[in-house]
file input15.tsv (TSV, C-alpha atoms and all ligand atoms)
chain	number	residue	atom	x	y	z
A	165	MET	CA	147.34	56.57	-2.51
A	166	SER	CA	147.97	59.65	-4.61
A	167	SER	CA	149.27	62.88	-3.20
A	168	ASN	CA	146.02	64.50	-2.13
A	169	ASP	CA	144.01	61.40	-1.30
A	170	SER	CA	145.33	61.24	2.26
A	171	ILE	CA	144.39	64.89	2.81
A	172	GLU	CA	140.95	64.30	1.29
A	173	ALA	CA	140.49	61.26	3.52
A	174	LEU	CA	141.39	63.33	6.57
A	175	ILE	CA	138.89	66.04	5.60
A	176	GLU	CA	136.13	63.44	5.17
A	177	LEU	CA	136.82	61.91	8.59
A	178	MET	CA	136.96	65.31	10.27
A	179	ALA	CA	133.61	66.25	8.70
A	180	ARG	CA	132.04	63.39	10.68
A	181	LEU	CA	132.77	65.12	14.00
A	182	PRO	CA	129.76	66.73	15.72
A	183	GLY	CA	129.67	70.45	14.95
A	184	LEU	CA	131.97	70.25	11.94
A	185	GLY	CA	130.60	70.22	8.39
A	186	PRO	CA	132.57	69.88	5.14
A	187	ARG	CA	133.58	73.56	5.14
A	188	SER	CA	134.77	73.72	8.73
A	189	ALA	CA	136.48	70.33	8.31
A	190	ARG	CA	138.49	71.76	5.40
A	191	ARG	CA	139.45	74.80	7.43
A	192	ALA	CA	140.41	72.62	10.38
A	193	VAL	CA	142.57	70.36	8.19
A	194	LEU	CA	144.27	73.34	6.57
A	195	HIS	CA	144.99	74.70	10.04
A	196	LEU	CA	146.32	71.29	11.11
A	197	ILE	CA	148.61	71.05	8.08
A	198	ARG	CA	149.99	74.54	8.70
A	199	LYS	CA	150.63	73.55	12.32
A	200	ARG	CA	151.64	69.98	11.62
A	201	GLY	CA	154.60	70.10	13.98
A	202	PRO	CA	153.02	71.69	17.07
A	203	LEU	CA	149.43	70.46	16.61
A	204	LEU	CA	148.73	67.78	13.98
A	205	SER	CA	151.46	65.40	15.06
A	206	PRO	CA	150.62	65.53	18.81
A	207	LEU	CA	146.93	65.22	17.94
A	208	ALA	CA	147.58	62.09	15.86
A	209	ASP	CA	149.52	60.61	18.79
A	210	ALA	CA	146.84	61.55	21.33
A	211	MET	CA	144.11	60.03	19.16
A	212	ARG	CA	146.08	56.85	18.65
A	213	GLN	CA	146.69	56.56	22.41
A	214	VAL	CA	143.04	57.11	23.30
A	215	ALA	CA	141.84	54.81	20.49
A	216	ASP	CA	144.08	52.05	21.83
A	217	SER	CA	143.39	52.55	25.53
A	218	ALA	CA	139.90	54.04	26.06
A	219	ARG	CA	137.35	51.63	27.46
A	220	GLU	CA	134.22	51.63	29.58
A	221	CYS	CA	134.68	50.93	33.27
A	222	LEU	CA	133.32	47.44	33.98
A	223	ASN	CA	131.86	48.69	37.24
A	224	CYS	CA	130.25	52.04	36.44
A	225	GLY	CA	130.42	52.61	32.66
A	226	ASN	CA	132.65	55.69	32.95
A	227	ILE	CA	135.28	56.05	30.22
A	228	GLY	CA	138.89	55.56	31.21
A	229	THR	CA	141.93	53.62	30.16
A	230	ALA	CA	141.70	50.73	32.63
A	231	ASP	CA	139.14	47.99	33.25
A	232	ILE	CA	138.05	49.82	36.40
A	233	CYS	CA	138.05	53.63	36.18
A	234	ASP	CA	139.93	56.16	38.33
A	235	ILE	CA	136.80	57.13	40.25
A	236	CYS	CA	135.82	53.56	41.12
A	237	THR	CA	139.34	52.75	42.32
A	238	SER	CA	139.98	56.03	44.16
A	239	ASN	CA	140.03	55.72	47.94
A	240	LYS	CA	139.19	59.43	48.13
A	241	ARG	CA	135.65	58.90	46.85
A	242	ALA	CA	132.79	58.00	49.22
A	243	THR	CA	131.58	54.47	48.54
A	244	GLY	CA	128.10	54.77	50.01
A	245	GLN	CA	126.78	57.26	47.42
A	246	ILE	CA	126.16	56.61	43.75
A	247	CYS	CA	125.15	59.34	41.31
A	248	VAL	CA	123.34	57.86	38.30
A	249	VAL	CA	123.80	59.74	35.01
A	250	GLU	CA	122.77	59.09	31.44
A	251	ASP	CA	126.15	59.37	29.76
A	252	VAL	CA	129.79	60.21	30.31
A	253	GLY	CA	129.27	63.82	29.21
A	254	ASP	CA	126.99	64.25	32.24
A	255	LEU	CA	129.57	62.62	34.51
A	256	TRP	CA	132.20	65.06	33.20
A	257	ALA	CA	129.80	67.97	33.88
A	258	MET	CA	129.31	66.75	37.48
A	259	GLU	CA	133.07	66.39	37.92
A	260	ARG	CA	133.69	69.90	36.62
A	261	ALA	CA	131.28	71.21	39.26
A	262	GLY	CA	133.54	69.39	41.74
A	263	VAL	CA	130.87	69.13	44.44
A	264	PHE	CA	130.08	65.40	44.38
A	265	LYS	CA	132.48	63.15	46.24
A	266	GLY	CA	130.82	59.76	45.74
A	267	ARG	CA	130.87	57.42	42.78
A	268	TYR	CA	128.90	57.27	39.55
A	269	HIS	CA	126.87	54.90	37.50
A	270	VAL	CA	126.65	55.72	33.79
A	271	LEU	CA	123.49	54.21	32.27
A	272	GLY	CA	124.50	54.83	28.67
A	273	GLY	CA	121.12	56.34	27.76
A	274	THR	CA	117.52	56.22	28.96
A	275	LEU	CA	114.75	53.67	28.77
A	276	SER	CA	112.88	54.18	25.53
A	277	ALA	CA	109.89	52.17	24.30
A	278	LEU	CA	110.25	53.87	20.93
A	279	ASP	CA	113.87	52.78	20.48
A	280	SER	CA	113.38	49.43	22.28
A	281	VAL	CA	115.86	50.34	25.01
A	282	GLY	CA	115.20	48.19	28.08
A	283	PRO	CA	116.93	47.94	31.49
A	284	GLU	CA	119.49	45.39	30.21
A	285	GLU	CA	120.70	47.81	27.52
A	286	LEU	CA	121.23	50.45	30.20
A	287	ARG	CA	123.52	48.84	32.74
A	288	ILE	CA	120.62	48.87	35.25
A	289	PRO	CA	121.20	45.26	36.43
A	290	ARG	CA	124.79	46.23	37.24
A	291	LEU	CA	123.51	49.22	39.26
A	292	ILE	CA	121.24	46.92	41.28
A	293	ASP	CA	124.16	44.57	41.95
A	294	ARG	CA	126.31	47.44	43.19
A	295	ILE	CA	123.90	48.42	46.01
A	296	PRO	CA	124.80	45.51	48.35
A	297	ALA	CA	128.30	44.98	46.93
A	298	GLU	CA	129.40	48.54	47.71
A	299	GLU	CA	127.14	49.02	50.73
A	300	VAL	CA	125.41	51.92	49.01
A	301	THR	CA	123.06	53.97	51.17
A	302	GLU	CA	122.07	56.71	48.71
A	303	VAL	CA	121.40	56.75	44.99
A	304	ILE	CA	121.20	60.23	43.41
A	305	LEU	CA	119.27	60.08	40.16
A	306	ALA	CA	120.86	62.85	38.08
A	307	LEU	CA	119.03	62.12	34.86
A	308	ASN	CA	118.00	64.78	32.38
A	309	ALA	CA	114.54	66.30	32.79
A	310	THR	CA	113.25	64.81	29.55
A	311	VAL	CA	110.28	62.42	29.26
A	312	ASP	CA	112.60	59.41	28.88
A	313	GLY	CA	114.90	60.66	31.64
A	314	VAL	CA	111.99	60.99	34.09
A	315	THR	CA	110.62	57.56	33.07
A	316	THR	CA	114.03	56.00	33.64
A	317	ALA	CA	114.42	57.69	37.05
A	318	HIS	CA	111.00	56.34	38.11
A	319	TYR	CA	111.89	52.84	36.92
A	320	ILE	CA	115.14	52.81	38.88
A	321	ALA	CA	113.43	54.32	41.95
A	322	ASP	CA	110.83	51.51	41.82
A	323	ARG	CA	113.54	48.86	41.60
A	324	LEU	CA	115.60	50.27	44.49
A	325	GLN	CA	112.76	51.41	46.76
A	326	GLY	CA	113.32	50.35	50.35
A	327	GLN	CA	116.98	49.44	49.80
A	328	VAL	CA	118.58	52.89	49.69
A	329	ARG	CA	117.83	56.55	50.11
A	330	LEU	CA	116.70	57.76	46.67
A	331	THR	CA	117.24	61.40	45.73
A	332	SER	CA	117.28	63.50	42.59
A	333	LEU	CA	118.94	66.75	41.60
A	334	ALA	CA	116.20	69.24	42.36
A	335	GLN	CA	116.77	72.92	42.42
A	336	GLY	CA	118.26	74.60	39.40
A	337	VAL	CA	117.76	72.04	36.68
A	338	PRO	CA	115.58	73.80	34.11
A	339	ILE	CA	112.63	72.02	32.51
A	340	GLY	CA	113.87	70.12	29.47
A	341	GLY	CA	117.42	71.11	30.36
A	342	GLU	CA	120.41	68.83	29.96
A	343	LEU	CA	123.15	68.50	32.56
A	344	ASP	CA	125.94	68.93	30.07
A	345	TYR	CA	124.72	72.48	29.29
A	346	LEU	CA	124.55	73.68	32.89
A	347	ASP	CA	127.15	75.83	34.58
A	348	ASP	CA	128.99	74.54	37.64
A	349	GLY	CA	127.09	76.76	40.08
A	350	THR	CA	123.72	75.47	38.91
A	351	ILE	CA	124.87	71.87	39.26
A	352	THR	CA	126.20	72.61	42.75
A	353	ALA	CA	122.90	74.23	43.78
A	354	ALA	CA	120.89	71.35	42.34
A	355	LEU	CA	122.99	68.78	44.19
A	356	ASN	CA	122.87	70.63	47.49
A	357	ALA	CA	119.06	70.99	47.30
A	358	ARG	CA	118.42	67.41	46.25
A	359	LYS	CA	115.17	65.95	47.56
A	360	GLU	CA	113.69	62.56	48.35
A	361	ILE	CA	111.87	60.89	45.49
A	362	LEU	CA	109.77	58.30	47.34
B	179	MET	CA	150.09	59.14	32.61
B	180	SER	CA	147.03	58.38	34.71
B	181	SER	CA	143.86	56.98	33.26
B	182	ASN	CA	142.15	60.16	32.22
B	183	ASP	CA	145.19	62.27	31.37
B	184	SER	CA	145.35	61.00	27.79
B	185	ILE	CA	141.68	61.85	27.28
B	186	GLU	CA	142.20	65.29	28.85
B	187	ALA	CA	145.22	65.85	26.60
B	188	LEU	CA	143.13	64.94	23.55
B	189	ILE	CA	140.38	67.38	24.57
B	190	GLU	CA	142.92	70.17	25.01
B	191	LEU	CA	144.44	69.58	21.57
B	192	MET	CA	141.02	69.37	19.92
B	193	ALA	CA	140.02	72.68	21.54
B	194	ARG	CA	142.83	74.32	19.54
B	195	LEU	CA	141.09	73.61	16.24
B	196	PRO	CA	139.38	76.59	14.57
B	197	GLY	CA	135.66	76.61	15.37
B	198	LEU	CA	135.95	74.29	18.37
B	199	GLY	CA	135.97	75.60	21.93
B	200	PRO	CA	136.39	73.59	25.15
B	201	ARG	CA	132.74	72.49	25.18
B	202	SER	CA	132.58	71.36	21.56
B	203	ALA	CA	136.00	69.73	21.93
B	204	ARG	CA	134.66	67.65	24.85
B	205	ARG	CA	131.61	66.65	22.82
B	206	ALA	CA	133.80	65.76	19.84
B	207	VAL	CA	136.13	63.63	21.98
B	208	LEU	CA	133.20	61.85	23.62
B	209	HIS	CA	131.81	61.12	20.14
B	210	LEU	CA	135.25	59.89	19.02
B	211	ILE	CA	135.58	57.58	22.03
B	212	ARG	CA	132.12	56.14	21.42
B	213	LYS	CA	133.08	55.55	17.79
B	214	ARG	CA	136.67	54.62	18.47
B	215	GLY	CA	136.61	51.66	16.06
B	216	PRO	CA	134.96	53.24	13.01
B	217	LEU	CA	136.10	56.85	13.50
B	218	LEU	CA	138.79	57.59	16.10
B	219	SER	CA	141.24	54.93	14.98
B	220	PRO	CA	141.05	55.80	11.23
B	221	LEU	CA	141.27	59.49	12.15
B	222	ALA	CA	144.44	58.89	14.19
B	223	ASP	CA	145.94	57.02	11.22
B	224	ALA	CA	144.91	59.71	8.71
B	225	MET	CA	146.39	62.45	10.91
B	226	ARG	CA	149.64	60.54	11.34
B	227	GLN	CA	149.89	59.97	7.59
B	228	VAL	CA	149.23	63.62	6.75
B	229	ALA	CA	151.54	64.83	9.54
B	230	ASP	CA	154.33	62.69	8.13
B	231	SER	CA	153.80	63.39	4.45
B	232	ALA	CA	152.21	66.84	3.97
B	233	ARG	CA	154.52	69.45	2.55
B	234	GLU	CA	154.42	72.60	0.43
B	235	CYS	CA	155.07	72.17	-3.28
B	236	LEU	CA	158.51	73.62	-4.04
B	237	ASN	CA	157.15	75.06	-7.27
B	238	CYS	CA	153.78	76.59	-6.40
B	239	GLY	CA	153.29	76.38	-2.62
B	240	ASN	CA	150.25	74.07	-2.85
B	241	ILE	CA	150.02	71.42	-0.14
B	242	GLY	CA	150.57	67.84	-1.15
B	243	THR	CA	152.61	64.85	-0.17
B	244	ALA	CA	155.46	65.16	-2.68
B	245	ASP	CA	158.13	67.80	-3.33
B	246	ILE	CA	156.20	68.86	-6.43
B	247	CYS	CA	152.40	68.73	-6.17
B	248	ASP	CA	149.88	66.80	-8.29
B	249	ILE	CA	148.78	69.92	-10.16
B	250	CYS	CA	152.32	71.00	-11.08
B	251	THR	CA	153.20	67.51	-12.33
B	252	SER	CA	149.89	66.79	-14.11
B	253	ASN	CA	150.13	66.77	-17.90
B	254	LYS	CA	146.41	67.51	-18.03
B	255	ARG	CA	146.87	71.05	-16.73
B	256	ALA	CA	147.63	73.94	-19.09
B	257	THR	CA	151.15	75.23	-18.49
B	258	GLY	CA	150.73	78.73	-19.92
B	259	GLN	CA	148.27	79.96	-17.27
B	260	ILE	CA	148.98	80.59	-13.60
B	261	CYS	CA	146.27	81.49	-11.10
B	262	VAL	CA	147.76	83.34	-8.11
B	263	VAL	CA	145.94	82.80	-4.80
B	264	GLU	CA	146.63	83.84	-1.24
B	265	ASP	CA	146.46	80.46	0.41
B	266	VAL	CA	145.72	76.79	-0.13
B	267	GLY	CA	142.11	77.19	1.04
B	268	ASP	CA	141.57	79.50	-1.96
B	269	LEU	CA	143.22	76.96	-4.29
B	270	TRP	CA	140.87	74.28	-2.95
B	271	ALA	CA	137.88	76.60	-3.56
B	272	MET	CA	139.04	77.14	-7.18
B	273	GLU	CA	139.47	73.40	-7.67
B	274	ARG	CA	136.01	72.68	-6.29
B	275	ALA	CA	134.57	75.06	-8.90
B	276	GLY	CA	136.42	72.87	-11.42
B	277	VAL	CA	136.57	75.56	-14.10
B	278	PHE	CA	140.28	76.43	-14.09
B	279	LYS	CA	142.55	74.09	-16.01
B	280	GLY	CA	145.89	75.85	-15.58
B	281	ARG	CA	148.31	75.84	-12.65
B	282	TYR	CA	148.48	77.80	-9.42
B	283	HIS	CA	150.82	79.89	-7.39
B	284	VAL	CA	150.06	80.07	-3.67
B	285	LEU	CA	151.51	83.24	-2.15
B	286	GLY	CA	150.98	82.22	1.44
B	287	GLY	CA	149.39	85.54	2.42
B	288	THR	CA	149.39	89.15	1.25
B	289	LEU	CA	151.88	91.99	1.42
B	290	SER	CA	151.38	93.84	4.66
B	291	ALA	CA	153.31	96.86	5.86
B	292	LEU	CA	151.69	96.45	9.28
B	293	ASP	CA	152.88	92.84	9.69
B	294	SER	CA	156.21	93.45	7.85
B	295	VAL	CA	155.30	90.96	5.09
B	296	GLY	CA	157.39	91.69	2.01
B	297	PRO	CA	157.61	89.99	-1.43
B	298	GLU	CA	160.25	87.50	-0.21
B	299	GLU	CA	157.91	86.21	2.50
B	300	LEU	CA	155.24	85.61	-0.14
B	301	ARG	CA	156.86	83.38	-2.74
B	302	ILE	CA	156.70	86.28	-5.21
B	303	PRO	CA	160.31	85.80	-6.45
B	304	ARG	CA	159.44	82.20	-7.28
B	305	LEU	CA	156.37	83.40	-9.23
B	306	ILE	CA	158.56	85.74	-11.28
B	307	ASP	CA	160.99	82.87	-12.00
B	308	ARG	CA	158.15	80.65	-13.21
B	309	ILE	CA	157.05	83.05	-15.99
B	310	PRO	CA	159.94	82.28	-18.38
B	311	ALA	CA	160.58	78.77	-16.98
B	312	GLU	CA	157.04	77.58	-17.72
B	313	GLU	CA	156.44	79.85	-20.73
B	314	VAL	CA	153.53	81.48	-18.93
B	315	THR	CA	151.37	83.78	-21.06
B	316	GLU	CA	148.66	84.69	-18.55
B	317	VAL	CA	148.66	85.33	-14.81
B	318	ILE	CA	145.23	85.43	-13.18
B	319	LEU	CA	145.39	87.34	-9.90
B	320	ALA	CA	142.69	85.67	-7.79
B	321	LEU	CA	143.44	87.51	-4.57
B	322	ASN	CA	140.80	88.45	-2.03
B	323	ALA	CA	139.19	91.88	-2.40
B	324	THR	CA	140.70	93.19	0.83
B	325	VAL	CA	143.00	96.22	1.08
B	326	ASP	CA	146.09	93.99	1.40
B	327	GLY	CA	144.84	91.67	-1.37
B	328	VAL	CA	144.40	94.57	-3.77
B	329	THR	CA	147.79	96.03	-2.81
B	330	THR	CA	149.43	92.67	-3.45
B	331	ALA	CA	147.70	92.25	-6.81
B	332	HIS	CA	148.93	95.70	-7.87
B	333	TYR	CA	152.47	94.91	-6.75
B	334	ILE	CA	152.55	91.66	-8.74
B	335	ALA	CA	150.95	93.35	-11.75
B	336	ASP	CA	153.67	96.01	-11.68
B	337	ARG	CA	156.41	93.39	-11.53
B	338	LEU	CA	155.00	91.31	-14.41
B	339	GLN	CA	153.72	94.11	-16.64
B	340	GLY	CA	154.74	93.60	-20.27
B	341	GLN	CA	155.77	89.97	-19.73
B	342	VAL	CA	152.35	88.28	-19.57
B	343	ARG	CA	148.67	88.94	-19.92
B	344	LEU	CA	147.49	90.02	-16.45
B	345	THR	CA	143.90	89.37	-15.43
B	346	SER	CA	141.86	89.28	-12.28
B	347	LEU	CA	138.67	87.53	-11.25
B	348	ALA	CA	136.10	90.21	-11.95
B	349	GLN	CA	132.42	89.53	-11.94
B	350	GLY	CA	130.85	87.96	-8.92
B	351	VAL	CA	133.45	88.51	-6.24
B	352	PRO	CA	131.69	90.63	-3.62
B	353	ILE	CA	133.43	93.63	-2.08
B	354	GLY	CA	135.41	92.44	0.94
B	355	GLY	CA	134.51	88.86	0.06
B	356	GLU	CA	136.86	85.93	0.42
B	357	LEU	CA	137.21	83.19	-2.19
B	358	ASP	CA	136.90	80.40	0.30
B	359	TYR	CA	133.34	81.53	1.16
B	360	LEU	CA	132.07	81.68	-2.42
B	361	ASP	CA	129.95	79.03	-4.08
B	362	ASP	CA	131.24	77.25	-7.17
B	363	GLY	CA	128.91	79.09	-9.56
B	364	THR	CA	130.14	82.49	-8.41
B	365	ILE	CA	133.75	81.43	-8.83
B	366	THR	CA	132.99	80.10	-12.32
B	367	ALA	CA	131.25	83.35	-13.31
B	368	ALA	CA	134.11	85.42	-11.91
B	369	LEU	CA	136.71	83.41	-13.81
B	370	ASN	CA	134.78	83.49	-17.09
B	371	ALA	CA	134.32	87.28	-16.87
B	372	ARG	CA	137.92	88.01	-15.86
B	373	LYS	CA	139.26	91.31	-17.17
B	374	GLU	CA	142.58	92.89	-18.05
B	375	ILE	CA	144.26	94.74	-15.22
B	376	LEU	CA	146.74	96.85	-17.12
A	401	ZN	ZN	134.08	53.18	37.24
A	402	ZN	ZN	152.70	72.72	-7.19
call {"tool": "encode", "arguments": {"input": "input15.tsv", "output": "C-alpha cells"}}
result
Amino acid sequence: MSSNDSIEALIELMARLPGLGPRSARRAVLHLIRKRGPLLSPLADAMRQVADSARECLNCGNIGTADICDICTSNKRATGQICVVEDVGDLWAMERAGVFKGRYHVLGGTLSALDSVGPEELRIPRLIDRIPAEEVTEVILALNATVDGVTTAHYIADRLQGQVRLTSLAQGVPIGGELDYLDDGTITAALNARKEIL
Amino acid sequence: MSSNDSIEALIELMARLPGLGPRSARRAVLHLIRKRGPLLSPLADAMRQVADSARECLNCGNIGTADICDICTSNKRATGQICVVEDVGDLWAMERAGVFKGRYHVLGGTLSALDSVGPEELRIPRLIDRIPAEEVTEVILALNATVDGVTTAHYIADRLQGQVRLTSLAQGVPIGGELDYLDDGTITAALNARKEIL
C-alpha cells in the first residue's frame, strides 16, 4: 500500500458514516491526523474494542458486550414491565430520559408488507415467550407514530391481549415524530401519561 | 469496563470529530455497530494504520506515511515549481483539481500577530532552504484570501524577491474564500490565470 492509500481508504470509510459526505470525511480525517495522539489512536482502539465485543442481547435485542445485556441482568430493573421499542436508538433515548425502570424489548424495526418484514424478523416470538418467563404484567408499546409503527403496535397488542396490561406512550409524542428526536421531558411526560390500548 | 462503557467511550470520541455533535455521534456509532463486520472493523483497522504511520513530510509538510512524501519523491512532478499552501486540506484540494504538476510547501497556518505565529512556526525557513536546494524557479503562493493569508503571502514574497518568479492564484478565488471550499474548475482557472506579485 503506497503512502497515501491508507489515508484515502480511511476517508472512503469515514464517508460511509451517516451525516458525513466526502468533504466532511476529508475534514474529519485531516482533524484526526492532526490529533493522532489524543484522538485518532484512542478512537482506533475504541472501534476495535466495540467491533470485537458488541453484540445483540439474546433476550431483548439491546446492544451490549455480553450475551445478555446490562439491563436484562440488572437486579435494579423491574422485571414485570417491558417497554417495546423499534431500535436501540429508541432504547438509548428512553434511557437518557431516565424515567423508565423496567426492561426493554428491541424489535429491530417494524412490520412492513412492502419490505416483507414479518413477526419472525422482528423478535416478536421472543417477546411473546418473555411474558410468562419473566412474569410480565405490563407491556408498554413505545413504537414510533408512523403507519408501520402503529400497525406493529396493533399486531403485538392483538397477540398479547388478555395476558398483560397493554399501554402506549401517549401524551407528548408528536404525529409522525420519532422517539430518538424527542427531548427527555417529552419522553417523561409521554410515559407518565401512558394509556390503555385495549 | 462494564458492558456499555466501551460503547459510551466510542460515542464520546466520535462526538469530538468536526461536524458531529453528541446526537450525530450516537447515530454514527449505532450505524457502525449494525455494520460492525463490513464497516466498523475495517474502519478500526484503517484508523490504527493511519495513527501508526501518518507523519508530516520532512521536506514539504504534506501528510503521508514516509519521512518524505509521495509528491516530493515522485519523478513525475516538476521540481522547479513550488505551490505554497496553508494546510494539507488545501494541498488535497489542489490535487483534486489535478492541474498542478509541481511540488508543494505546506506552511501549517498563517502568520498571526494575535496568535504569536511567526515564520519559524510556519515552516518558512525550510521553504527558503528549498529554493536553491531544488533549483526552484517559481513559487506560487496559493494562500487563502484572508487578512492573515495575504499578510503571509506578502512576507514570503518579500523574503524570496529576486530569487524566483513569484505568482499567486488570481482569477476565480472569491474574496474571503478558502481553497478547500472551491470546486476543481475554479481552482484550475485560478492557477491558469496566475499573475506576478512583484
Ligand atoms: Zn437485554
Ligand atoms: Zn513532501
call {"tool": "residues_around", "arguments": {"input": "input15.tsv", "residues": "Asp169 of chain A", "least_positions_apart": "4", "cutoff": "12 Å", "atoms": "all atoms listed in the file", "output": "list of chain:residue names"}}
result
A:Met165, A:Ala173, A:Leu174, A:Ile175, A:Glu176, B:Ala224, B:Gln227, B:Val228, B:Ser231, B:Ala232, B:Ile241, B:Gly242, B:Thr243, B:Asp248
call {"tool": "closest_residue", "arguments": {"input": "input15.tsv", "among": "B:Arg301, B:Arg274, B:His283, B:Arg343", "to": "ligand ZN 402 (chain A)", "atoms": "all atoms listed in the file"}}
result
B:His283
call {"tool": "atom_distance", "arguments": {"input": "input15.tsv", "atom1": "atom CA of Ser346 of chain B", "atom2": "atom CA of Cys247 of chain B"}}
result
23.9 Å
call {"tool": "interface_residues", "arguments": {"input": "input15.tsv", "of": "chain B", "to": "chain A", "cutoff": "8 Å", "atoms": "only C-alpha atoms", "output": "PyMOL selection string"}}
result
chain B and resi 181-182+184-185+187-188+191-192+195-197+202+204-206+208-211+214-215+217-230+232+242-244+247-248+266-267
call {"tool": "atom_distance", "arguments": {"input": "input15.tsv", "atom1": "atom CA of Val300 of chain A", "atom2": "atom CA of Val328 of chain A"}}
result
6.9 Å
call {"tool": "residues_near_point", "arguments": {"input": "input15.tsv", "point": "(155.1, 77.2, -2.5)", "cutoff": "9 Å", "atoms": "all atoms listed in the file", "output": "PyMOL selection string"}}
result
chain B and resi 234-241+283-286+300-301+304
call {"tool": "closest_residue", "arguments": {"input": "input15.tsv", "among": "B:Val328, B:Ile306, B:Leu269, B:Leu321", "to": "ligand ZN 402 (chain A)", "atoms": "all atoms listed in the file"}}
result
B:Leu269
call {"tool": "closest_residue", "arguments": {"input": "input15.tsv", "among": "B:Val295, B:Ala271, B:Leu305, B:Ala193", "to": "ligand ZN 402 (chain A)", "atoms": "all atoms listed in the file"}}
result
B:Leu305
call {"tool": "residues_around", "arguments": {"input": "input15.tsv", "residues": "Gly280 of chain B", "least_positions_apart": "3", "cutoff": "8 Å", "atoms": "only C-alpha atoms", "output": "number ranges by chain"}}
result
B: 255-261
call {"tool": "atom_distance", "arguments": {"input": "input15.tsv", "atom1": "atom CA of Leu355 of chain A", "atom2": "atom CA of Ala306 of chain A"}}
result
8.8 Å
call {"tool": "closest_residue", "arguments": {"input": "input15.tsv", "among": "B:Arg281, B:Pro297, B:Glu316, B:Arg372", "to": "Ser252 of chain B", "atoms": "all atoms listed in the file"}}
result
B:Arg281
